[in-house]
Amino acid sequence: MPLVIPDDVLQEAGLGERDALIEFAGRLFDAGKLSLWGTARLAGLSRVAFEEELLTRRIPLVRPDESDLADDLVALDRMGIST
C-alpha cells in the first residue's frame, strides 16, 4: 500500500519528496523499527549514504546498551586494565 503525503504538507514541512522519504526512513531507524540496511533501502540510498544522512540529522548509528558495557568491562579486565 503506497503512502501518500499531500504536496501542501510537504511544502509546509519544507521537504521535497526525496528528503521526506529519507526523514521518514531515518525516524523508523531511530525508533528501532527497521534495521540500517532496511531503512537505507527504503530511502533509496546506499548504506554509507544513509549513514551520512543519519549523522546530518543527529541520529546515532549505534546505541550501546548495558550488555555492551559489561562486555567492554570484561575485555578490559582480560587485558589487565583496571576499571
# chains A, B, ... in the order shown; residues from 1 in each chain; ligands from 1
>>> residues_around(residues="range 9-20 of chain A", least_positions_apart="2", cutoff="12 Å", atoms="only C-alpha atoms", output="list in words")
Leu3, Val4, Ile5, Pro6, Asp7, Ile22, Glu23, Phe24, Ala25, Gly26, Arg27, Leu42, Ala43, Gly44, Leu45, Phe50, Glu53, Leu54 and Arg57 of chain A
>>> write_last_selection(atoms="C-alpha atoms", output="PDB file, in the first residue's frame")
ATOM      1  CA  LEU A   3       1.886   6.113   1.447  1.00  0.00           C
ATOM      2  CA  VAL A   4       0.660   9.408   0.031  1.00  0.00           C
ATOM      3  CA  ILE A   5       1.687  12.701   1.592  1.00  0.00           C
ATOM      4  CA  PRO A   6      -0.104  15.707   0.129  1.00  0.00           C
ATOM      5  CA  ASP A   7       2.112  18.275  -1.599  1.00  0.00           C
ATOM      6  CA  ILE A  22      14.915   9.995   3.930  1.00  0.00           C
ATOM      7  CA  GLU A  23      13.446  11.720   7.004  1.00  0.00           C
ATOM      8  CA  PHE A  24      10.781   9.028   7.357  1.00  0.00           C
ATOM      9  CA  ALA A  25      13.320   6.225   6.994  1.00  0.00           C
ATOM     10  CA  GLY A  26      15.633   7.929   9.488  1.00  0.00           C
ATOM     11  CA  ARG A  27      12.890   8.186  12.078  1.00  0.00           C
ATOM     12  CA  LEU A  42      13.561   2.364   1.941  1.00  0.00           C
ATOM     13  CA  ALA A  43      15.301   5.710   1.462  1.00  0.00           C
ATOM     14  CA  GLY A  44      16.761   4.526  -1.864  1.00  0.00           C
ATOM     15  CA  LEU A  45      20.322   5.102  -0.659  1.00  0.00           C
ATOM     16  CA  PHE A  50      22.170   6.732   4.546  1.00  0.00           C
ATOM     17  CA  GLU A  53      22.066  11.337   6.305  1.00  0.00           C
ATOM     18  CA  LEU A  54      21.542   9.963   9.819  1.00  0.00           C
ATOM     19  CA  ARG A  57      20.109  14.570  11.380  1.00  0.00           C
TER      20      ARG A  57
END
>>> select_by_dssp(residues="chain A", states="helix (DSSP H, G or I)", output="ChimeraX atom specification")
/A:7-13,17-30,36-43,47-56,66-78
>>> write_last_selection(atoms="C-alpha atoms", output="PDB file, in the first residue's frame")
ATOM      1  CA  ASP A   7       2.112  18.275  -1.599  1.00  0.00           C
ATOM      2  CA  ASP A   8       0.896  21.061   0.697  1.00  0.00           C
ATOM      3  CA  VAL A   9       2.013  19.069   3.755  1.00  0.00           C
ATOM      4  CA  LEU A  10       5.459  18.501   2.244  1.00  0.00           C
ATOM      5  CA  GLN A  11       5.652  22.183   1.357  1.00  0.00           C
ATOM      6  CA  GLU A  12       4.662  23.192   4.900  1.00  0.00           C
ATOM      7  CA  ALA A  13       7.381  20.896   6.278  1.00  0.00           C
ATOM      8  CA  GLU A  17       9.671  14.057  -1.815  1.00  0.00           C
ATOM      9  CA  ARG A  18      13.202  12.625  -1.572  1.00  0.00           C
ATOM     10  CA  ASP A  19      14.005  14.448   1.681  1.00  0.00           C
ATOM     11  CA  ALA A  20      10.687  13.362   3.205  1.00  0.00           C
ATOM     12  CA  LEU A  21      11.448   9.738   2.369  1.00  0.00           C
ATOM     13  CA  ILE A  22      14.915   9.995   3.930  1.00  0.00           C
ATOM     14  CA  GLU A  23      13.446  11.720   7.004  1.00  0.00           C
ATOM     15  CA  PHE A  24      10.781   9.028   7.357  1.00  0.00           C
ATOM     16  CA  ALA A  25      13.320   6.225   6.994  1.00  0.00           C
ATOM     17  CA  GLY A  26      15.633   7.929   9.488  1.00  0.00           C
ATOM     18  CA  ARG A  27      12.890   8.186  12.078  1.00  0.00           C
ATOM     19  CA  LEU A  28      11.995   4.500  11.614  1.00  0.00           C
ATOM     20  CA  PHE A  29      15.649   3.630  12.203  1.00  0.00           C
ATOM     21  CA  ASP A  30      15.809   5.948  15.231  1.00  0.00           C
ATOM     22  CA  LEU A  36      20.075   0.202   9.000  1.00  0.00           C
ATOM     23  CA  TRP A  37      20.000  -1.825   5.783  1.00  0.00           C
ATOM     24  CA  GLY A  38      16.198  -1.790   5.665  1.00  0.00           C
ATOM     25  CA  THR A  39      15.918   1.936   6.166  1.00  0.00           C
ATOM     26  CA  ALA A  40      18.696   2.669   3.677  1.00  0.00           C
ATOM     27  CA  ARG A  41      16.832   0.584   1.109  1.00  0.00           C
ATOM     28  CA  LEU A  42      13.561   2.364   1.941  1.00  0.00           C
ATOM     29  CA  ALA A  43      15.301   5.710   1.462  1.00  0.00           C
ATOM     30  CA  ARG A  47      24.195   2.151   3.496  1.00  0.00           C
ATOM     31  CA  VAL A  48      27.064   4.644   3.606  1.00  0.00           C
ATOM     32  CA  ALA A  49      24.988   7.463   2.104  1.00  0.00           C
ATOM     33  CA  PHE A  50      22.170   6.732   4.546  1.00  0.00           C
ATOM     34  CA  GLU A  51      24.597   6.734   7.482  1.00  0.00           C
ATOM     35  CA  GLU A  52      25.699  10.213   6.366  1.00  0.00           C
ATOM     36  CA  GLU A  53      22.066  11.337   6.305  1.00  0.00           C
ATOM     37  CA  LEU A  54      21.542   9.963   9.819  1.00  0.00           C
ATOM     38  CA  LEU A  55      24.603  11.802  11.091  1.00  0.00           C
ATOM     39  CA  THR A  56      23.360  15.015   9.456  1.00  0.00           C
ATOM     40  CA  GLU A  66      24.240  -2.382  29.384  1.00  0.00           C
ATOM     41  CA  SER A  67      25.378  -5.692  27.914  1.00  0.00           C
ATOM     42  CA  ASP A  68      27.822  -3.824  25.646  1.00  0.00           C
ATOM     43  CA  LEU A  69      29.239  -2.080  28.701  1.00  0.00           C
ATOM     44  CA  ALA A  70      29.526  -5.386  30.553  1.00  0.00           C
ATOM     45  CA  ASP A  71      31.354  -6.923  27.569  1.00  0.00           C
ATOM     46  CA  ASP A  72      33.736  -3.967  27.446  1.00  0.00           C
ATOM     47  CA  LEU A  73      34.478  -4.263  31.168  1.00  0.00           C
ATOM     48  CA  VAL A  74      35.233  -7.980  30.775  1.00  0.00           C
ATOM     49  CA  ALA A  75      37.551  -7.223  27.850  1.00  0.00           C
ATOM     50  CA  LEU A  76      39.362  -4.538  29.844  1.00  0.00           C
ATOM     51  CA  ASP A  77      39.742  -6.941  32.766  1.00  0.00           C
ATOM     52  CA  ARG A  78      41.232  -9.575  30.445  1.00  0.00           C
TER      53      ARG A  78
END
>>> atom_distance(atom1="CA of Arg63 in chain A", atom2="CA of Ser46 in chain A")
20.8 Å
